[in-house]
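Only one structure is covered here, and it is reproduced in the block below.
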Amino acid sequence: MPKALAPIVRWIAGHPVVSIVAFFVVFPFLMPYKSLATQVLVYGLFALGFNLLYGYTGLLSFGHAAYWGVGAYGTGIALAKLKLGSLWLAIAMGLASAVVAGALVGFFCLRRRGIYFAMLTLAFSQVFYFAAFHLADLTGGDDGLRGIPKLALGLFGYQVSVASPLAFYYFALAWVALAVAGLKRVLDSPFGAVLVAIRENSDRASACGYDVNRVKLVSFVLSALITGLAGSLDALRLTVVPVEALYWSTSGQPVIMTLLGGAGTFFGPFVGAATYLVLADRLSLVLEAWPLVIGAVFMGFVLFLPRGIWGTFLGGLGIR
Amino acid sequence: MIDRRAFLTGTMGAAAAIAFPAVLRAQGNPVRIGFPLPLTGPFDWIAADQQKGAQLAMDVVNARGGVLGRKIEVLFRDDELKPAVGAQRTKELIENQHVEFIVGGLAAHVQMAINEQAKAAGKIFISISQSDEISAKPDSGPLTFHEALNPTITGRAVGAWAVKNVGKKFWIVYADYAWGKQNNAVFTDVVGKAGGTVLGATPYPLGKPEFSTHFPKILAAKPEVVLAAVPGNDAVAFMKQAISFGLKQQAQIVWPLHFLDLAKTVGIEAFADTYGGTSFYWELQDSIPEAKKYVDAFTKKFNRPPDSYSGYGYSGIMEVVRGIELAKSTNSDAVATALLNNPGYAHYKTKQWWRKCDRKGFQDLWIVKGRKQLKGEWGYFAMVAKVAADEALDRTCAEKGYA
Amino acid sequence: MLDVPFQALAAQAFTGLVLGGILVLLAIGLSLIFGLMAVVNFAHGSLYMLGAYFGFFILGLTDNFWAALLVAPILVGIVGLMIERFLMRPLYGRSPDDALLLTFGLSFVLIEGVKLVWGKMGLTFDPPKALAGAMNLGFMSFPAYRLFILAVTVVVLVALWLFLEKTNVGLIVRAGTRDPLMVRALGIDLGRVWWLVFGLGVAMAGLAGVLAGPLRGVYADMGLEMIIESFVVVVVGGMGSLPGAIVAGLLIGEVVSLTTFFAPKMAEIVVFMVMALVLLVRPSGLFGEAGLAE
């Protein structure tokens, strides 16, 4: 790899917000169609939320679909059932619901570690699924929540339409930029340093006097917040919330994307989301057994490129 | 031994080639119809049938010169039986492939998601699988058409027939999701109204075909008829377990829908002497000329007779084409108006029509019974009765939320 | 609720026992692998599915159910040996999540592979005529084949116990579960033993698959439905504990059976509720090693 690239990449890695915005501003024009770009953005955000917990704090959750789904339902119900007339309020409701869910689940699950922690997160997300499935009057049940109106955004007194694919894309990008900026802030802070210390060796961090449990819970809730935002955006994107959003198979998606892209990096989740989604979109046209290819590629990454595409790229240039 | 570098270059190369393929466009400017369906997943065998019907329709139309001087092109996409994927594929069809119409969908929840995208884009969506909600408010839009039977129609037809001809005391086993629950509700209502009784009902989680825990209770109640609203692979497990627990010997089993492909998979013994409804069975060729033409063309192309859902795929595409011809345009609003002003059609069986207020398609359905002995290679069922198309079999538009 | 006829209740409870049998076979393999190698085998459900497909294949070749019952698990075991040797061995020493992620990807490869070879539609095969009838147990008439499954489970468990308690290899497995460092320090090649145990655990999953085939049919997604339930069983019992896997398997089987009787809509979720409850009270499951979970 040309060493000349290293300082540029180092700058990019160090300025994620600017870099992400710059890249994603032109991204939709690189994709075969705009909605694919939006899908990458939204799922990239989903993976980013998961990555905070897994890549930075070292906790593998099997139930992240919970916050994605709760965020989606929160926003969807606000618009479709409660008929709130404001997009801002609807997103706020999605975020608030996800945070509450995250706090609740985190409070109970963080008492355990390893596979026990993971299985508990799975159990809780299945409970959410079960609730959404059966509270059909509120959530639409297994037919999903439909009838989410495409509201215009109230911005400084103007009503800005986000209905067209491109307009919605930039709307989503604004939120993603906000989330990435917020995450950078958090990770650069002393709190962020403790997170990484916990990932490396939780017991040692505890021995150093840090309140590991509190830090883990805060990380969990922040992760739920970001994931919930992604879910919220997806509800607006599809104008429908399928109940599968809360199912355990959805929890697997950010795992795959984070691993493909690179855990513990800013761009990793987005690179992984782009790779997985574009592959799925294009490969399914050509090959009916395309999940086999994805599975094999995934296994290949675990074996040979565990740091993911972006992570390996950074590593190859000697960064981090 | 694969090393890192080789793996990386190989994967990246493949990924690049896949992300930006050279798109081959058909000659001229074909009318493109998007067709999302679950080519992978638990109902892939039903989707394969739908796809064949659509492919046949494409051949037939293009062989006679296409429509308005243009060929038609049906673009199939795998929705994996997942609403989120269905929605995304529909977006791709609309934005990337510039399709002008959407036909397709299997399973209610995926249809809804597809419908939402079609509504947003102002394109006609002809749904071709069972769902009570798709033709009702608030889900149905002015461009949402429903070609297939729904649980209400099927339930009322089969239920009423069963009470009259099979038995009065029912037990209902149903998958705990929309289709199953709707069947349960409709059959319970119909059986009661027709003078029968429902002794009990057993929901089970879809995809978890473990019925051993239910049979003791069911056997103890001594029903005459067991209504099995059990779809797909679950049906295979249900039949095996029903036989092994002695339920099949004690009670008559009735299915909302019978499928030829399922019978072929499980074998003649499993469905022997069981009744079920169907929108189409290939032996109808003996009595209906239009059906004979369809079955002949299908068998010639695919080396096997059609199952019921292929007719939906076939008819769905043919209706889009008929609408274009009538409207002399591919604009969805014009085509919709044209179809509703000329609602009658008959592409592969008997007469069908669209009801104007909810764009619901009505069609004849038949009761078939599993034979004890296989007749020829595909003669798994025998025709028993016909239930004529009747708008009274479905809910009224008022009941569906229309003014 | 309590004026339920005793007969019906007893029948339901007995059915739960049999349900638990298959779960136990799956859970034991999972627990064995985790206990010794600290590997969470996400592909376990797909290997169970593979057993069912192999069983179908051998039955087609030989028209002999007993041949299928014997050979299919061995074939799955061999697949397991290859998986361990070529896919898992490179991962030792790395983060424990890596093995989990690898087997997660592997499960999809196996599912798709099976569809490529055998087609997408479900297949079926029947139990042998000798087991096709029903036996009168007094309180209910029960399918003989299900009793057979129960019997096989018991035989396998006894054989496993004998293997672990009475053989040298078994001794190494038990010691290796307790203290792998010490066993290595004593000069024993634990790698070999891991290899065999993985194959053995996976073979048991294959056996469960062959047994399940005549019950529910053979189809590509059958493993996905079982894997989560098996994980629940293993976690409830305690990762690495064989008595735990047995007790938890039977417990979960009973819980599902009785819930289906009294509150059928809760049957899906009750399993997770039980797990959450057990874990919150006993952090490492019922019989798990303390300290692993907190």
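Letters A, B, ... mark the chains of the structure tokens in the order given; residue numbers begin at 1 per chain; ligand numbers begin at 1, in order shown.
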
Do me a favour and pick out the residues of chain A within 10 Å of chain C, using only C-alpha atoms, as a PyMOL selection string.
chain A and resi 58-60+108-117+119-131+134+248-249+252+255-256+259+288-304+306

Applying 12 Å and only C-alpha atoms, which residues near B:Pro231 remain after dropping the ones on its own chain fewer than 4 positions away? List them as a ChimeraX atom specification.
/B:42-43,46,107,130,173-180,183,204-209,227,235-239,255-259,262

Mind dumping the selected residues with N, CA and C atoms as a tab-separated table (two decimals), in the first residue's frame?
chain	number	residue	atom	x	y	z
B	42	PRO	N	-39.54	-20.07	3.31
B	42	PRO	CA	-40.41	-21.24	3.51
B	42	PRO	C	-41.50	-21.44	2.47
B	43	PHE	N	-41.88	-20.38	1.70
B	43	PHE	CA	-42.91	-20.57	0.68
B	43	PHE	C	-42.34	-20.45	-0.72
B	46	ILE	N	-44.28	-22.02	-3.55
B	46	ILE	CA	-45.48	-21.33	-4.05
B	46	ILE	C	-45.03	-20.20	-4.97
B	107	ALA	N	-47.97	-13.71	1.15
B	107	ALA	CA	-48.07	-13.46	2.59
B	107	ALA	C	-48.41	-12.00	2.85
B	130	GLN	N	-53.15	-14.30	-0.49
B	130	GLN	CA	-54.22	-14.14	0.48
B	130	GLN	C	-53.95	-13.03	1.49
B	173	VAL	N	-57.33	-25.88	14.13
B	173	VAL	CA	-55.91	-25.71	14.44
B	173	VAL	C	-55.39	-24.62	13.51
B	174	TYR	N	-54.79	-23.59	14.08
B	174	TYR	CA	-54.36	-22.50	13.20
B	174	TYR	C	-53.02	-21.92	13.61
B	175	ALA	N	-52.27	-21.49	12.60
B	175	ALA	CA	-50.98	-20.85	12.84
B	175	ALA	C	-51.23	-19.46	13.40
B	176	ASP	N	-50.48	-19.10	14.43
B	176	ASP	CA	-50.74	-17.86	15.14
B	176	ASP	C	-50.14	-16.66	14.41
B	177	TYR	N	-50.70	-16.36	13.25
B	177	TYR	CA	-50.34	-15.13	12.56
B	177	TYR	C	-51.54	-14.73	11.71
B	178	ALA	N	-51.43	-13.62	11.00
B	178	ALA	CA	-52.61	-13.03	10.36
B	178	ALA	C	-53.46	-14.03	9.60
B	179	TRP	N	-52.88	-14.77	8.66
B	179	TRP	CA	-53.66	-15.69	7.84
B	179	TRP	C	-54.37	-16.73	8.68
B	180	GLY	N	-53.62	-17.30	9.62
B	180	GLY	CA	-54.20	-18.32	10.49
B	180	GLY	C	-55.32	-17.75	11.34
B	183	ASN	N	-58.42	-17.03	9.32
B	183	ASN	CA	-59.15	-18.27	9.03
B	183	ASN	C	-59.94	-18.73	10.24
B	204	TYR	N	-50.94	-22.23	17.20
B	204	TYR	CA	-49.57	-22.72	17.41
B	204	TYR	C	-48.65	-21.73	16.72
B	205	PRO	N	-47.40	-21.61	17.20
B	205	PRO	CA	-46.49	-20.62	16.60
B	205	PRO	C	-46.07	-21.05	15.20
B	206	LEU	N	-46.23	-20.15	14.25
B	206	LEU	CA	-45.88	-20.44	12.86
B	206	LEU	C	-44.42	-20.88	12.77
B	207	GLY	N	-44.16	-21.97	12.08
B	207	GLY	CA	-42.79	-22.44	11.93
B	207	GLY	C	-42.35	-23.39	13.03
B	208	LYS	N	-43.20	-23.61	14.03
B	208	LYS	CA	-42.84	-24.56	15.09
B	208	LYS	C	-43.86	-25.71	15.04
B	209	PRO	N	-43.70	-26.59	14.06
B	209	PRO	CA	-44.73	-27.61	13.82
B	209	PRO	C	-44.64	-28.77	14.81
B	227	LEU	N	-60.32	-28.40	11.11
B	227	LEU	CA	-59.92	-27.41	10.12
B	227	LEU	C	-58.45	-27.07	10.38
B	235	ALA	N	-47.58	-27.89	7.40
B	235	ALA	CA	-48.65	-28.81	7.03
B	235	ALA	C	-48.12	-30.24	6.94
B	236	VAL	N	-46.91	-30.38	6.42
B	236	VAL	CA	-46.30	-31.71	6.32
B	236	VAL	C	-46.17	-32.33	7.71
B	237	ALA	N	-45.61	-31.55	8.62
B	237	ALA	CA	-45.45	-32.04	9.99
B	237	ALA	C	-46.80	-32.35	10.60
B	238	PHE	N	-47.77	-31.47	10.37
B	238	PHE	CA	-49.09	-31.68	10.95
B	238	PHE	C	-49.68	-33.00	10.49
B	239	MET	N	-49.62	-33.26	9.20
B	239	MET	CA	-50.22	-34.49	8.69
B	239	MET	C	-49.54	-35.72	9.27
B	255	TRP	N	-58.76	-28.47	4.84
B	255	TRP	CA	-57.78	-27.39	4.70
B	255	TRP	C	-58.42	-26.20	4.01
B	256	PRO	N	-58.09	-24.98	4.42
B	256	PRO	CA	-58.60	-23.85	3.65
B	256	PRO	C	-58.15	-23.94	2.20
B	257	LEU	N	-56.88	-24.34	2.01
B	257	LEU	CA	-56.35	-24.45	0.67
B	257	LEU	C	-55.58	-25.75	0.49
B	258	HIS	N	-55.78	-26.39	-0.64
B	258	HIS	CA	-54.97	-27.56	-0.99
B	258	HIS	C	-53.94	-27.14	-2.02
B	259	PHE	N	-52.76	-27.70	-1.92
B	259	PHE	CA	-51.71	-27.39	-2.90
B	259	PHE	C	-51.21	-28.68	-3.54
B	262	LEU	N	-47.54	-29.51	-2.56
B	262	LEU	CA	-47.39	-30.04	-1.21
B	262	LEU	C	-47.76	-31.52	-1.19

Per-residue nearest contacts chain C to chain B, cut-off 10 Å, using only C-alpha atoms, as a Markdown table:
| residue | atom | partner | partner_atom | distance |
| --- | --- | --- | --- | --- |
| C:Pro5 | CA | B:Ala220 | CA | 10.0 |
| C:Gln7 | CA | B:Pro216 | CA | 8.9 |
| C:Ala8 | CA | B:Pro216 | CA | 6.2 |
| C:Leu9 | CA | B:Pro216 | CA | 8.8 |
| C:Ala10 | CA | B:Pro216 | CA | 9.6 |
| C:Ala11 | CA | B:Pro216 | CA | 6.5 |
| C:Gln12 | CA | B:Thr213 | CA | 5.7 |
| C:Ala13 | CA | B:Thr213 | CA | 8.5 |
| C:Phe14 | CA | B:Thr213 | CA | 9.1 |
| C:Thr15 | CA | B:Thr213 | CA | 6.0 |
| C:Gly16 | CA | B:Thr213 | CA | 7.2 |
| C:Val18 | CA | B:Ser212 | CA | 9.4 |
| C:Leu19 | CA | B:Ser212 | CA | 8.5 |
| C:Glu112 | CA | B:Thr40 | CA | 9.9 |
| C:Lys115 | CA | B:Thr40 | CA | 9.9 |
| C:Gly119 | CA | B:Trp45 | CA | 10.0 |
| C:Lys120 | CA | B:Asp44 | CA | 7.2 |
| C:Met121 | CA | B:Trp45 | CA | 6.3 |
| C:Gly122 | CA | B:Asn233 | CA | 6.5 |
| C:Leu123 | CA | B:Thr265 | CA | 6.5 |
| C:Thr124 | CA | B:Val266 | CA | 6.4 |
| C:Phe125 | CA | B:Val266 | CA | 8.7 |
| C:Asp126 | CA | B:Lys240 | CA | 8.5 |
| C:Ala132 | CA | B:Ser244 | CA | 7.1 |
| C:Gly133 | CA | B:Ser244 | CA | 6.8 |
| C:Ala134 | CA | B:Ser244 | CA | 7.1 |
| C:Met140 | CA | B:Pro216 | CA | 7.8 |
| C:Ser141 | CA | B:Phe245 | CA | 7.7 |
| C:Phe142 | CA | B:Phe245 | CA | 6.8 |
| C:Pro143 | CA | B:Ser244 | CA | 5.9 |
| C:Ala144 | CA | B:Ser244 | CA | 8.6 |
| C:Tyr145 | CA | B:Ser244 | CA | 8.6 |
| C:Arg146 | CA | B:Ser244 | CA | 9.6 |
| C:Gly213 | CA | B:Ala237 | CA | 9.4 |
| C:Pro214 | CA | B:Lys240 | CA | 7.7 |
| C:Leu215 | CA | B:Ala237 | CA | 6.5 |
| C:Arg216 | CA | B:Ala237 | CA | 4.2 |
| C:Gly217 | CA | B:Ala237 | CA | 5.7 |
| C:Val218 | CA | B:Asn233 | CA | 8.8 |
| C:Tyr219 | CA | B:Asn233 | CA | 7.7 |
| C:Ala220 | CA | B:Pro42 | CA | 8.7 |
| C:Asp221 | CA | B:Pro42 | CA | 7.7 |
| C:Met222 | CA | B:Gly207 | CA | 8.6 |
| C:Glu225 | CA | B:Lys208 | CA | 7.2 |
| C:Met226 | CA | B:Lys208 | CA | 9.1 |
| C:Glu254 | CA | B:Thr213 | CA | 9.8 |
| C:Val256 | CA | B:Thr213 | CA | 8.6 |
| C:Ser257 | CA | B:Thr213 | CA | 5.5 |
| C:Leu258 | CA | B:Thr213 | CA | 7.9 |
| C:Thr259 | CA | B:Thr213 | CA | 9.4 |
| C:Thr260 | CA | B:Thr213 | CA | 6.7 |
| C:Phe261 | CA | B:His214 | CA | 7.0 |
| C:Ala263 | CA | B:Pro203 | CA | 9.7 |
| C:Pro264 | CA | B:Pro203 | CA | 6.3 |
| C:Lys265 | CA | B:Pro203 | CA | 6.8 |
| C:Met266 | CA | B:Pro205 | CA | 9.3 |
| C:Ala267 | CA | B:Pro205 | CA | 7.8 |
| C:Glu268 | CA | B:Pro205 | CA | 6.7 |

Same residues, C-alpha atoms, output as a CSV table (one decimal), in the first residue's frame:
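Just written: part.csv:
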chain,number,residue,atom,x,y,z
C,5,PRO,CA,-59.0,-34.1,33.6
C,7,GLN,CA,-55.7,-37.9,31.9
C,8,ALA,CA,-55.3,-35.0,29.6
C,9,LEU,CA,-52.7,-33.4,31.9
C,10,ALA,CA,-50.7,-36.6,32.2
C,11,ALA,CA,-50.8,-37.0,28.5
C,12,GLN,CA,-49.5,-33.4,28.0
C,13,ALA,CA,-46.8,-33.9,30.6
C,14,PHE,CA,-45.6,-37.1,29.0
C,15,THR,CA,-45.5,-35.4,25.6
C,16,GLY,CA,-43.3,-32.7,27.1
C,18,VAL,CA,-40.5,-36.6,24.7
C,19,LEU,CA,-40.1,-33.0,23.3
C,112,GLU,CA,-27.9,-22.8,1.4
C,115,LYS,CA,-30.8,-26.4,-0.7
C,119,GLY,CA,-33.7,-28.5,-3.7
C,120,LYS,CA,-35.8,-26.0,-1.9
C,121,MET,CA,-38.9,-28.0,-1.0
C,122,GLY,CA,-39.1,-29.8,2.2
C,123,LEU,CA,-38.6,-33.6,2.1
C,124,THR,CA,-40.1,-36.3,4.2
C,125,PHE,CA,-39.3,-39.7,5.4
C,126,ASP,CA,-41.2,-42.1,7.6
C,132,ALA,CA,-45.2,-46.7,13.1
C,133,GLY,CA,-48.0,-47.6,15.4
C,134,ALA,CA,-49.1,-46.3,18.7
C,140,MET,CA,-53.2,-42.2,26.6
C,141,SER,CA,-52.3,-43.9,23.3
C,142,PHE,CA,-48.8,-42.6,22.4
C,143,PRO,CA,-47.0,-43.0,19.1
C,144,ALA,CA,-44.4,-45.7,19.3
C,145,TYR,CA,-41.9,-43.7,17.4
C,146,ARG,CA,-41.8,-40.9,20.0
C,213,GLY,CA,-37.0,-36.1,10.5
C,214,PRO,CA,-40.0,-38.4,10.6
C,215,LEU,CA,-41.6,-36.2,13.2
C,216,ARG,CA,-41.6,-32.9,11.4
C,217,GLY,CA,-40.3,-33.4,8.0
C,218,VAL,CA,-36.9,-32.4,6.6
C,219,TYR,CA,-36.4,-28.8,5.4
C,220,ALA,CA,-33.6,-26.3,5.3
C,221,ASP,CA,-34.9,-24.0,8.0
C,222,MET,CA,-35.4,-26.7,10.6
C,225,GLU,CA,-35.9,-23.0,14.8
C,226,MET,CA,-34.0,-25.3,17.1
C,254,GLU,CA,-42.3,-29.7,29.9
C,256,VAL,CA,-43.5,-25.6,26.5
C,257,SER,CA,-45.9,-28.6,26.6
C,258,LEU,CA,-47.8,-27.4,29.6
C,259,THR,CA,-47.9,-23.8,28.4
C,260,THR,CA,-49.3,-25.0,25.1
C,261,PHE,CA,-52.0,-26.7,27.1
C,263,ALA,CA,-52.0,-20.7,27.5
C,264,PRO,CA,-51.1,-21.6,23.9
C,265,LYS,CA,-50.3,-18.0,22.8
C,266,MET,CA,-47.6,-17.8,25.4
C,267,ALA,CA,-45.8,-20.9,24.3
C,268,GLU,CA,-43.2,-19.0,22.2

Residues near stretch 15-17 of chain A, anyone? I mean within 7 Å using only C-alpha atoms, not counting same-chain ones fewer than 3 positions away, as a ChimeraX atom specification.
/A:11-12,20-21,177,180-181,266

Expected file: the selected residues, C-alpha atoms, as a compact mmCIF listing (two decimals), in the first residue's frame:
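Final file, part.txt:
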# COMPACT_ATOMS: atom_id res chain seq x y z
CA TRP A 11 -6.57 12.55 8.74
CA ILE A 12 -9.78 10.88 7.59
CA ILE A 20 -18.41 10.95 6.53
CA VAL A 21 -20.40 13.99 5.49
CA ALA A 177 -23.76 13.32 10.89
CA VAL A 180 -21.32 10.50 14.43
CA ALA A 181 -20.39 13.88 15.86
CA PHE A 266 -15.98 4.87 12.84

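You will find atom CA of B:Leu260 at 9.7 Å from atom CA of B:Gly370.
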
Set the distance at 10 Å and use only C-alpha atoms: which residues neighbour A:Ser202 once local chain neighbours fewer than 5 positions away are removed? I'd like the list as a ChimeraX atom specification.
/A:57-58,194-197,207-208,210,212-213,216

Return the neighbours of chain B among the residues of chain A, cut-off 9 Å, counting only C-alpha atoms, as a CSV table (one decimal) with N, CA and C atoms, in the first residue's frame.
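So selection-v5.csv came out as:
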chain,number,residue,atom,x,y,z
A,31,MET,N,-24.4,5.1,-6.4
A,31,MET,CA,-25.2,3.9,-6.2
A,31,MET,C,-26.2,3.8,-7.4
A,32,PRO,N,-26.6,2.5,-7.7
A,32,PRO,CA,-27.5,2.3,-8.8
A,32,PRO,C,-28.8,3.0,-8.6
A,33,TYR,N,-29.3,3.2,-7.4
A,33,TYR,CA,-30.5,4.0,-7.2
A,33,TYR,C,-30.4,4.6,-5.8
A,34,LYS,N,-31.1,5.7,-5.6
A,34,LYS,CA,-31.0,6.5,-4.4
A,34,LYS,C,-31.4,5.8,-3.1
A,35,SER,N,-32.5,5.0,-3.2
A,35,SER,CA,-32.9,4.3,-2.0
A,35,SER,C,-31.9,3.3,-1.4
A,36,LEU,N,-31.1,2.8,-2.3
A,36,LEU,CA,-30.0,1.9,-1.8
A,36,LEU,C,-29.1,2.7,-0.9
A,39,GLN,N,-30.6,3.2,2.4
A,39,GLN,CA,-30.6,2.0,3.1
A,39,GLN,C,-29.2,1.8,3.8
A,133,PHE,N,-46.0,-8.3,18.5
A,133,PHE,CA,-46.8,-9.2,17.7
A,133,PHE,C,-48.3,-9.3,18.2
A,141,GLY,N,-49.7,-5.6,14.8
A,141,GLY,CA,-49.4,-7.0,14.9
A,141,GLY,C,-48.5,-7.6,13.8
A,142,ASP,N,-48.7,-8.8,13.4
A,142,ASP,CA,-47.7,-9.4,12.5
A,142,ASP,C,-47.8,-8.8,11.0
A,143,ASP,N,-48.8,-8.0,10.8
A,143,ASP,CA,-48.9,-7.4,9.4
A,143,ASP,C,-48.0,-6.1,9.4
A,144,GLY,N,-47.5,-5.7,10.6
A,144,GLY,CA,-46.7,-4.6,10.7
A,144,GLY,C,-47.5,-3.3,10.8
A,146,ARG,N,-48.7,0.0,9.6
A,146,ARG,CA,-48.8,0.7,8.3
A,146,ARG,C,-49.4,2.0,8.5
A,147,GLY,N,-49.4,2.8,7.4
A,147,GLY,CA,-50.1,4.1,7.4
A,147,GLY,C,-49.3,5.2,8.0
A,150,LYS,N,-46.2,10.5,5.1
A,150,LYS,CA,-44.9,11.2,4.8
A,150,LYS,C,-45.1,12.7,5.1
A,163,ALA,N,-40.1,13.9,0.9
A,163,ALA,CA,-40.7,12.7,0.3
A,163,ALA,C,-39.9,12.1,-0.8
A,165,PRO,N,-36.8,10.5,-2.9
A,165,PRO,CA,-35.7,9.7,-2.4
A,165,PRO,C,-34.5,10.5,-2.0
A,238,LEU,N,-39.5,3.6,5.0
A,238,LEU,CA,-40.3,2.5,4.4
A,238,LEU,C,-41.8,2.8,4.6
A,239,THR,N,-42.2,3.8,5.4
A,239,THR,CA,-43.6,4.1,5.8
A,239,THR,C,-44.3,2.9,6.3
A,240,VAL,N,-43.5,1.9,6.8
A,240,VAL,CA,-44.1,0.7,7.4
A,240,VAL,C,-43.1,0.2,8.4
A,241,VAL,N,-43.5,-0.4,9.5
A,241,VAL,CA,-42.6,-1.0,10.5
A,241,VAL,C,-43.0,-2.5,10.5
A,242,PRO,N,-42.2,-3.4,9.9
A,242,PRO,CA,-42.5,-4.8,10.0
A,242,PRO,C,-42.2,-5.3,11.4
A,243,VAL,N,-43.0,-6.3,11.9
A,243,VAL,CA,-42.7,-6.8,13.2
A,243,VAL,C,-41.4,-7.6,13.3
A,244,GLU,N,-40.9,-8.0,12.1
A,244,GLU,CA,-39.6,-8.7,12.1
A,244,GLU,C,-38.5,-7.8,12.5
A,245,ALA,N,-38.7,-6.4,12.5
A,245,ALA,CA,-37.7,-5.5,13.0
A,245,ALA,C,-37.2,-5.8,14.4
A,275,THR,N,-21.1,-2.7,1.9
A,275,THR,CA,-20.7,-4.0,1.3
A,275,THR,C,-21.8,-5.0,1.4
A,278,VAL,N,-25.1,-3.7,-0.7
A,278,VAL,CA,-24.9,-3.7,-2.2
A,278,VAL,C,-24.8,-5.1,-2.7
A,279,LEU,N,-24.0,-5.9,-2.0
A,279,LEU,CA,-23.9,-7.3,-2.4
A,279,LEU,C,-25.3,-8.0,-2.4
A,281,ASP,N,-28.2,-6.7,-2.7
A,281,ASP,CA,-29.0,-6.1,-3.7
A,281,ASP,C,-28.7,-6.6,-5.1
A,282,ARG,N,-27.4,-6.6,-5.4
A,282,ARG,CA,-27.0,-7.0,-6.8
A,282,ARG,C,-26.9,-8.5,-6.9
A,283,LEU,N,-26.4,-9.2,-5.9
A,283,LEU,CA,-26.1,-10.6,-6.0
A,283,LEU,C,-27.4,-11.4,-6.1
A,284,SER,N,-28.5,-10.9,-5.5
A,284,SER,CA,-29.7,-11.6,-5.5
A,284,SER,C,-30.4,-11.6,-6.9
A,285,LEU,N,-29.9,-10.7,-7.7
A,285,LEU,CA,-30.4,-10.6,-9.1
A,285,LEU,C,-29.8,-11.8,-9.9
A,286,VAL,N,-28.6,-12.2,-9.5
A,286,VAL,CA,-27.9,-13.1,-10.3
A,286,VAL,C,-27.9,-14.5,-9.8
A,288,GLU,N,-29.5,-17.2,-6.9
A,288,GLU,CA,-30.6,-17.5,-5.9
A,288,GLU,C,-30.0,-17.9,-4.6
A,289,ALA,N,-28.8,-18.6,-4.6
A,289,ALA,CA,-28.2,-19.0,-3.4
A,289,ALA,C,-27.2,-18.0,-2.8
A,297,VAL,N,-18.3,-15.5,2.5
A,297,VAL,CA,-17.5,-14.3,2.6
A,297,VAL,C,-17.3,-13.9,4.0
A,300,GLY,N,-14.9,-16.1,5.6
A,300,GLY,CA,-13.5,-15.7,5.2
A,300,GLY,C,-13.0,-14.5,6.0
A,301,PHE,N,-13.9,-13.5,6.2
A,301,PHE,CA,-13.5,-12.4,7.0
A,301,PHE,C,-13.1,-12.7,8.4
A,303,LEU,N,-11.9,-15.5,9.4
A,303,LEU,CA,-10.7,-16.2,9.4
A,303,LEU,C,-9.5,-15.4,9.1
A,304,PHE,N,-9.6,-14.6,8.0
A,304,PHE,CA,-8.5,-13.9,7.4
A,304,PHE,C,-8.4,-12.4,7.7
A,305,LEU,N,-9.6,-11.8,7.8
A,305,LEU,CA,-9.7,-10.3,7.9
A,305,LEU,C,-10.5,-10.0,9.1
A,309,ILE,N,-12.9,-4.8,6.6
A,309,ILE,CA,-12.3,-4.1,5.4
A,309,ILE,C,-11.5,-2.8,5.9

From the list A:Tyr67, A:Tyr54, A:Tyr276, A:Phe29, which residue is nearest A:Thr227 when using only C-alpha atoms?
A:Tyr67

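Atom CA of B:Gly277 lies 14.4 Å from atom CA of B:Val226.
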
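Neighbouring residues of A:Ala96 at 10 Å or closer, counting only C-alpha atoms and skipping chain neighbours under 2 positions away, are Val70, Gly71, Gly74, Thr75, Ala90, Ile91, Ala92, Met93, Gly94, Ala98, Val99, Val100, Ala101, Gly102, Ala224, Leu225, Gly228 and Leu229 of chain A.
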
Take the selection from the previous step and output its residues with C-alpha atoms, as a compact mmCIF listing (two decimals), in the first residue's frame.
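Written out: part04.txt:
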# COMPACT_ATOMS: atom_id res chain seq x y z
CA VAL A 70 -38.57 0.15 19.50
CA GLY A 71 -37.21 3.30 17.86
CA GLY A 74 -41.98 4.78 18.64
CA THR A 75 -41.81 7.03 15.62
CA ALA A 90 -42.17 11.67 16.13
CA ILE A 91 -38.41 11.17 16.01
CA ALA A 92 -38.13 12.38 19.57
CA MET A 93 -40.63 9.75 20.61
CA GLY A 94 -38.67 7.08 18.79
CA ALA A 98 -35.25 3.42 22.53
CA VAL A 99 -33.46 5.05 25.45
CA VAL A 100 -36.01 3.72 27.93
CA ALA A 101 -35.76 0.25 26.40
CA GLY A 102 -31.99 0.42 26.52
CA ALA A 224 -29.58 2.01 22.17
CA LEU A 225 -30.08 5.69 21.39
CA GLY A 228 -33.10 3.70 17.95
CA LEU A 229 -32.41 6.70 15.74

If we count only C-alpha atoms and set the cut-off at 12 Å, which residues sit around C:Val197, ignoring sequence neighbours fewer than 6 positions away in its own chain? Please answer as JSON, numbers by chain.
{"C": [28, 29, 30, 31, 32, 33, 34, 35, 36, 37, 39, 77, 78, 80, 81, 84, 85, 160, 163, 164, 169, 170, 172, 173, 174, 176, 177, 190, 191, 203, 204]}
